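Just structure_20.txt here, compact mmCIF, N, CA and C atoms:
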```txt
# COMPACT_ATOMS: atom_id res chain seq x y z
N MET Y 1 11.41 -32.48 -8.19
CA MET Y 1 10.41 -31.44 -8.25
C MET Y 1 10.59 -30.45 -7.12
N ASN Y 2 10.92 -30.94 -5.94
CA ASN Y 2 11.12 -30.06 -4.78
C ASN Y 2 12.30 -29.12 -5.00
N LYS Y 3 13.37 -29.61 -5.62
CA LYS Y 3 14.55 -28.78 -5.86
C LYS Y 3 14.23 -27.65 -6.83
N ILE Y 4 13.42 -27.93 -7.81
CA ILE Y 4 13.02 -26.89 -8.77
C ILE Y 4 12.20 -25.82 -8.06
N PHE Y 5 11.28 -26.24 -7.22
CA PHE Y 5 10.44 -25.29 -6.48
C PHE Y 5 11.30 -24.41 -5.58
N ILE Y 6 12.22 -25.00 -4.86
CA ILE Y 6 13.10 -24.23 -3.97
C ILE Y 6 13.96 -23.28 -4.78
N GLY Y 7 14.48 -23.73 -5.91
CA GLY Y 7 15.28 -22.87 -6.78
C GLY Y 7 14.49 -21.68 -7.28
N CYS Y 8 13.24 -21.91 -7.66
CA CYS Y 8 12.38 -20.81 -8.12
C CYS Y 8 12.10 -19.83 -6.98
N MET Y 9 11.87 -20.33 -5.79
CA MET Y 9 11.61 -19.46 -4.64
C MET Y 9 12.82 -18.57 -4.36
N ILE Y 10 14.01 -19.13 -4.42
CA ILE Y 10 15.23 -18.36 -4.17
C ILE Y 10 15.40 -17.30 -5.26
N PHE Y 11 15.15 -17.68 -6.51
CA PHE Y 11 15.26 -16.75 -7.62
C PHE Y 11 14.33 -15.56 -7.45
N PHE Y 12 13.06 -15.82 -7.15
CA PHE Y 12 12.09 -14.73 -7.00
C PHE Y 12 12.37 -13.89 -5.76
N ALA Y 13 12.87 -14.49 -4.70
CA ALA Y 13 13.25 -13.73 -3.51
C ALA Y 13 14.39 -12.78 -3.83
N SER Y 14 15.35 -13.23 -4.63
CA SER Y 14 16.48 -12.37 -4.98
C SER Y 14 16.02 -11.21 -5.87
N LEU Y 15 15.04 -11.44 -6.74
CA LEU Y 15 14.51 -10.35 -7.57
C LEU Y 15 13.84 -9.30 -6.70
N THR Y 16 13.09 -9.73 -5.73
CA THR Y 16 12.42 -8.79 -4.82
C THR Y 16 13.45 -7.99 -4.05
N SER Y 17 14.51 -8.63 -3.60
CA SER Y 17 15.56 -7.95 -2.85
C SER Y 17 16.25 -6.91 -3.72
N CYS Y 18 16.57 -7.26 -4.95
CA CYS Y 18 17.22 -6.32 -5.87
C CYS Y 18 16.30 -5.14 -6.16
N SER Y 19 15.03 -5.41 -6.33
CA SER Y 19 14.07 -4.34 -6.59
C SER Y 19 13.98 -3.39 -5.41
N SER Y 20 14.00 -3.92 -4.20
CA SER Y 20 13.94 -3.08 -3.00
C SER Y 20 15.16 -2.18 -2.89
N VAL Y 21 16.31 -2.71 -3.21
CA VAL Y 21 17.55 -1.92 -3.18
C VAL Y 21 17.49 -0.83 -4.24
N TYR Y 22 17.01 -1.17 -5.43
CA TYR Y 22 16.89 -0.19 -6.51
C TYR Y 22 15.97 0.96 -6.09
N ILE Y 23 14.83 0.62 -5.50
CA ILE Y 23 13.87 1.64 -5.09
C ILE Y 23 14.47 2.53 -4.00
N ALA Y 24 15.11 1.94 -3.01
CA ALA Y 24 15.72 2.72 -1.93
C ALA Y 24 16.80 3.65 -2.47
N ASN Y 25 17.64 3.15 -3.36
CA ASN Y 25 18.69 3.98 -3.95
C ASN Y 25 18.09 5.13 -4.76
N SER Y 26 17.06 4.84 -5.54
CA SER Y 26 16.42 5.87 -6.36
C SER Y 26 15.74 6.92 -5.48
N GLN Y 27 15.13 6.49 -4.39
CA GLN Y 27 14.51 7.44 -3.46
C GLN Y 27 15.57 8.36 -2.86
N ASN Y 28 16.68 7.79 -2.43
CA ASN Y 28 17.76 8.60 -1.84
C ASN Y 28 18.36 9.56 -2.85
N GLU Y 29 18.59 9.09 -4.08
CA GLU Y 29 19.20 9.93 -5.10
C GLU Y 29 18.26 11.05 -5.55
N SER Y 30 16.95 10.81 -5.50
CA SER Y 30 15.97 11.80 -5.94
C SER Y 30 15.63 12.82 -4.86
N SER Y 31 15.80 12.46 -3.63
CA SER Y 31 15.29 13.23 -2.49
C SER Y 31 15.61 14.72 -2.54
N GLY Y 32 16.85 15.07 -2.60
CA GLY Y 32 17.23 16.48 -2.59
C GLY Y 32 16.80 17.22 -3.84
N LEU Y 33 16.64 16.50 -4.93
CA LEU Y 33 16.27 17.12 -6.20
C LEU Y 33 14.78 17.40 -6.31
N VAL Y 34 13.97 16.60 -5.63
CA VAL Y 34 12.52 16.80 -5.71
C VAL Y 34 11.96 17.45 -4.44
N GLY Y 35 12.78 17.57 -3.41
CA GLY Y 35 12.37 18.27 -2.20
C GLY Y 35 11.51 17.47 -1.24
N CYS Y 36 11.71 16.16 -1.20
CA CYS Y 36 10.96 15.30 -0.29
C CYS Y 36 11.89 14.33 0.42
N HIS Y 37 11.45 13.87 1.57
CA HIS Y 37 12.18 12.83 2.29
C HIS Y 37 12.11 11.55 1.46
N PRO Y 38 13.18 10.76 1.41
CA PRO Y 38 13.18 9.54 0.60
C PRO Y 38 11.96 8.63 0.84
N LYS Y 39 11.52 8.51 2.07
CA LYS Y 39 10.39 7.61 2.37
C LYS Y 39 9.07 8.14 1.84
N ASP Y 40 9.03 9.43 1.46
CA ASP Y 40 7.81 10.02 0.93
C ASP Y 40 7.75 9.99 -0.59
N ILE Y 41 8.75 9.37 -1.21
CA ILE Y 41 8.85 9.32 -2.67
C ILE Y 41 8.46 7.94 -3.17
N THR Y 42 7.59 7.91 -4.17
CA THR Y 42 7.22 6.66 -4.84
C THR Y 42 8.03 6.57 -6.13
N ILE Y 43 8.62 5.41 -6.38
CA ILE Y 43 9.48 5.21 -7.55
C ILE Y 43 8.83 4.23 -8.52
N GLU Y 44 8.88 4.58 -9.80
CA GLU Y 44 8.47 3.67 -10.88
C GLU Y 44 9.65 3.56 -11.84
N LYS Y 45 10.02 2.33 -12.17
CA LYS Y 45 11.09 2.13 -13.16
C LYS Y 45 10.58 2.50 -14.54
N ASN Y 46 11.43 3.15 -15.32
CA ASN Y 46 11.06 3.50 -16.70
C ASN Y 46 11.75 2.61 -17.72
N ASP Y 47 12.83 1.95 -17.33
CA ASP Y 47 13.52 1.06 -18.25
C ASP Y 47 14.20 -0.04 -17.46
N PHE Y 48 14.75 -1.00 -18.16
CA PHE Y 48 15.39 -2.12 -17.49
C PHE Y 48 16.83 -1.84 -17.10
N SER Y 49 17.40 -0.75 -17.59
CA SER Y 49 18.80 -0.45 -17.27
C SER Y 49 18.94 0.16 -15.88
N GLY Y 50 17.84 0.67 -15.32
CA GLY Y 50 17.90 1.30 -14.01
C GLY Y 50 18.43 2.71 -14.06
N GLN Y 51 18.55 3.28 -15.25
CA GLN Y 51 19.11 4.61 -15.39
C GLN Y 51 18.06 5.70 -15.48
N THR Y 52 16.81 5.34 -15.65
CA THR Y 52 15.73 6.33 -15.64
C THR Y 52 14.59 5.82 -14.78
N TRP Y 53 13.92 6.75 -14.10
CA TRP Y 53 12.79 6.39 -13.25
C TRP Y 53 11.90 7.60 -13.07
N THR Y 54 10.70 7.34 -12.60
CA THR Y 54 9.76 8.40 -12.26
C THR Y 54 9.64 8.45 -10.75
N ALA Y 55 9.86 9.62 -10.19
CA ALA Y 55 9.74 9.83 -8.74
C ALA Y 55 8.51 10.70 -8.51
N THR Y 56 7.61 10.23 -7.65
CA THR Y 56 6.42 11.01 -7.34
C THR Y 56 6.43 11.38 -5.87
N CYS Y 57 6.21 12.67 -5.61
CA CYS Y 57 6.21 13.19 -4.25
C CYS Y 57 5.15 14.27 -4.14
N LYS Y 58 4.30 14.18 -3.13
CA LYS Y 58 3.24 15.17 -2.92
C LYS Y 58 2.41 15.37 -4.19
N ASN Y 59 2.12 14.25 -4.86
CA ASN Y 59 1.33 14.23 -6.10
C ASN Y 59 1.98 14.99 -7.25
N ILE Y 60 3.28 15.23 -7.16
CA ILE Y 60 4.02 15.86 -8.26
C ILE Y 60 4.97 14.80 -8.82
N LYS Y 61 4.93 14.63 -10.13
CA LYS Y 61 5.73 13.62 -10.79
C LYS Y 61 7.00 14.25 -11.36
N PHE Y 62 8.13 13.56 -11.18
CA PHE Y 62 9.42 14.00 -11.70
C PHE Y 62 10.01 12.87 -12.53
N TYR Y 63 10.59 13.22 -13.66
CA TYR Y 63 11.34 12.27 -14.47
C TYR Y 63 12.80 12.39 -14.08
N CYS Y 64 13.41 11.30 -13.66
CA CYS Y 64 14.80 11.32 -13.20
C CYS Y 64 15.66 10.40 -14.07
N SER Y 65 16.91 10.77 -14.18
CA SER Y 65 17.87 9.95 -14.93
C SER Y 65 19.21 10.01 -14.24
N LYS Y 66 20.01 9.01 -14.51
CA LYS Y 66 21.34 8.92 -13.91
C LYS Y 66 22.35 8.58 -14.99
N SER Y 67 23.42 9.35 -15.03
CA SER Y 67 24.52 9.10 -15.94
C SER Y 67 25.80 9.15 -15.13
N LYS Y 68 26.48 8.03 -15.06
CA LYS Y 68 27.62 7.87 -14.16
C LYS Y 68 27.15 8.15 -12.75
N ASP Y 69 27.66 9.15 -12.06
CA ASP Y 69 27.22 9.46 -10.70
C ASP Y 69 26.34 10.70 -10.64
N LEU Y 70 25.96 11.24 -11.78
CA LEU Y 70 25.16 12.46 -11.83
C LEU Y 70 23.69 12.12 -12.01
N VAL Y 71 22.86 12.59 -11.07
CA VAL Y 71 21.41 12.36 -11.14
C VAL Y 71 20.73 13.68 -11.45
N ASN Y 72 19.74 13.63 -12.34
CA ASN Y 72 18.98 14.80 -12.71
C ASN Y 72 17.50 14.45 -12.65
N CYS Y 73 16.69 15.31 -12.02
CA CYS Y 73 15.24 15.13 -11.98
C CYS Y 73 14.57 16.41 -12.47
N LYS Y 74 13.56 16.23 -13.30
CA LYS Y 74 12.83 17.38 -13.85
C LYS Y 74 11.34 17.12 -13.69
N GLU Y 75 10.62 18.14 -13.23
CA GLU Y 75 9.19 18.00 -13.03
C GLU Y 75 8.49 17.68 -14.35
N ALA Y 76 7.60 16.70 -14.31
CA ALA Y 76 6.82 16.34 -15.51
C ALA Y 76 5.76 17.40 -15.73
N LYS Y 77 5.59 17.79 -16.95
CA LYS Y 77 4.59 18.82 -17.28
C LYS Y 77 3.52 18.23 -18.15
```

Would it be possible to restate this file's structure as structure tokens?
Amino acid sequence: MNKIFIGCMIFFASLTSCSSVYIANSQNESSGLVGCHPKDITIEKNDFSGQTWTATCKNIKFYCSKSKDLVNCKEAK
């Protein structure tokens, strides 16, 4: 039982770590396109592929997408 608990803890810790990296990368990639410092941007995932997200800065929402190495963000209307 203890091994299962430890295994679950490691699994959930790794998910949190991956999510943090995803958010930091999305903040950095969105920064210049939305006009805010990465730390001032809130990120919401839009899909499980990690290729689309919503970046919010100064109460303005942007829809962002990534294809290969090209990132595009457009203000939500």

When you look at Gly35 (chain Y) with a cut-off of 12 Å (counting only C-alpha atoms), what residues show up, excluding the ones that are within fewer than 4 positions of it in the same chain? I need them as an mmCIF file with N, CA and C atoms, in the coordinates of the input.
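The result, stored in result-v9.cif:
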```cif
data_model
loop_
_atom_site.group_PDB
_atom_site.id
_atom_site.type_symbol
_atom_site.label_atom_id
_atom_site.label_comp_id
_atom_site.auth_asym_id
_atom_site.auth_seq_id
_atom_site.Cartn_x
_atom_site.Cartn_y
_atom_site.Cartn_z
ATOM 1 N N GLN Y 27 15.130 6.490 -4.390
ATOM 2 C CA GLN Y 27 14.510 7.440 -3.460
ATOM 3 C C GLN Y 27 15.570 8.360 -2.860
ATOM 4 N N ASN Y 28 16.680 7.790 -2.430
ATOM 5 C CA ASN Y 28 17.760 8.600 -1.840
ATOM 6 C C ASN Y 28 18.360 9.560 -2.850
ATOM 7 N N GLU Y 29 18.590 9.090 -4.080
ATOM 8 C CA GLU Y 29 19.200 9.930 -5.100
ATOM 9 C C GLU Y 29 18.260 11.050 -5.550
ATOM 10 N N SER Y 30 16.950 10.810 -5.500
ATOM 11 C CA SER Y 30 15.970 11.800 -5.940
ATOM 12 C C SER Y 30 15.630 12.820 -4.860
ATOM 13 N N SER Y 31 15.800 12.460 -3.630
ATOM 14 C CA SER Y 31 15.290 13.230 -2.490
ATOM 15 C C SER Y 31 15.610 14.720 -2.540
ATOM 16 N N LYS Y 39 11.520 8.510 2.070
ATOM 17 C CA LYS Y 39 10.390 7.610 2.370
ATOM 18 C C LYS Y 39 9.070 8.140 1.840
ATOM 19 N N ASP Y 40 9.030 9.430 1.460
ATOM 20 C CA ASP Y 40 7.810 10.020 0.930
ATOM 21 C C ASP Y 40 7.750 9.990 -0.590
ATOM 22 N N ILE Y 41 8.750 9.370 -1.210
ATOM 23 C CA ILE Y 41 8.850 9.320 -2.670
ATOM 24 C C ILE Y 41 8.460 7.940 -3.170
ATOM 25 N N ALA Y 55 9.860 9.620 -10.190
ATOM 26 C CA ALA Y 55 9.740 9.830 -8.740
ATOM 27 C C ALA Y 55 8.510 10.700 -8.510
ATOM 28 N N THR Y 56 7.610 10.230 -7.650
ATOM 29 C CA THR Y 56 6.420 11.010 -7.340
ATOM 30 C C THR Y 56 6.430 11.380 -5.870
ATOM 31 N N CYS Y 57 6.210 12.670 -5.610
ATOM 32 C CA CYS Y 57 6.210 13.190 -4.250
ATOM 33 C C CYS Y 57 5.150 14.270 -4.140
ATOM 34 N N LYS Y 58 4.300 14.180 -3.130
ATOM 35 C CA LYS Y 58 3.240 15.170 -2.920
ATOM 36 C C LYS Y 58 2.410 15.370 -4.190
ATOM 37 N N ILE Y 60 3.280 15.230 -7.160
ATOM 38 C CA ILE Y 60 4.020 15.860 -8.260
ATOM 39 C C ILE Y 60 4.970 14.800 -8.820
ATOM 40 N N LYS Y 61 4.930 14.630 -10.130
ATOM 41 C CA LYS Y 61 5.730 13.620 -10.790
ATOM 42 C C LYS Y 61 7.000 14.250 -11.360
ATOM 43 N N PHE Y 62 8.130 13.560 -11.180
ATOM 44 C CA PHE Y 62 9.420 14.000 -11.700
ATOM 45 C C PHE Y 62 10.010 12.870 -12.530
ATOM 46 N N CYS Y 73 16.690 15.310 -12.020
ATOM 47 C CA CYS Y 73 15.240 15.130 -11.980
ATOM 48 C C CYS Y 73 14.570 16.410 -12.470
ATOM 49 N N LYS Y 74 13.560 16.230 -13.300
ATOM 50 C CA LYS Y 74 12.830 17.380 -13.850
ATOM 51 C C LYS Y 74 11.340 17.120 -13.690
ATOM 52 N N GLU Y 75 10.620 18.140 -13.230
ATOM 53 C CA GLU Y 75 9.190 18.000 -13.030
ATOM 54 C C GLU Y 75 8.490 17.680 -14.350
#
```

Proximity to Lys77 (chain Y) - best of Y:Glu44, Y:Tyr22, Y:Tyr63, Y:Thr54, all atoms listed in the file: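 Under the stated criterion, the closest residue is Y:Tyr63.
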
Computed interatomic separation between CA of Ser19 (chain Y) and atom C of Asp69 (chain Y) (Å):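 These two atoms are separated by 19.8 Å.
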
Nearest candidate to Ala24 (chain Y) (options Y:Thr52, Y:Cys36, Y:Cys64, Y:Ile43; using all atoms listed in the file):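 Selected residue with least distance to Ala24 (chain Y): Y:Ile43.
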
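Between atom N of Gln51 (chain Y) and atom N of Ser65 (chain Y) lies a distance of 7.7 Å.
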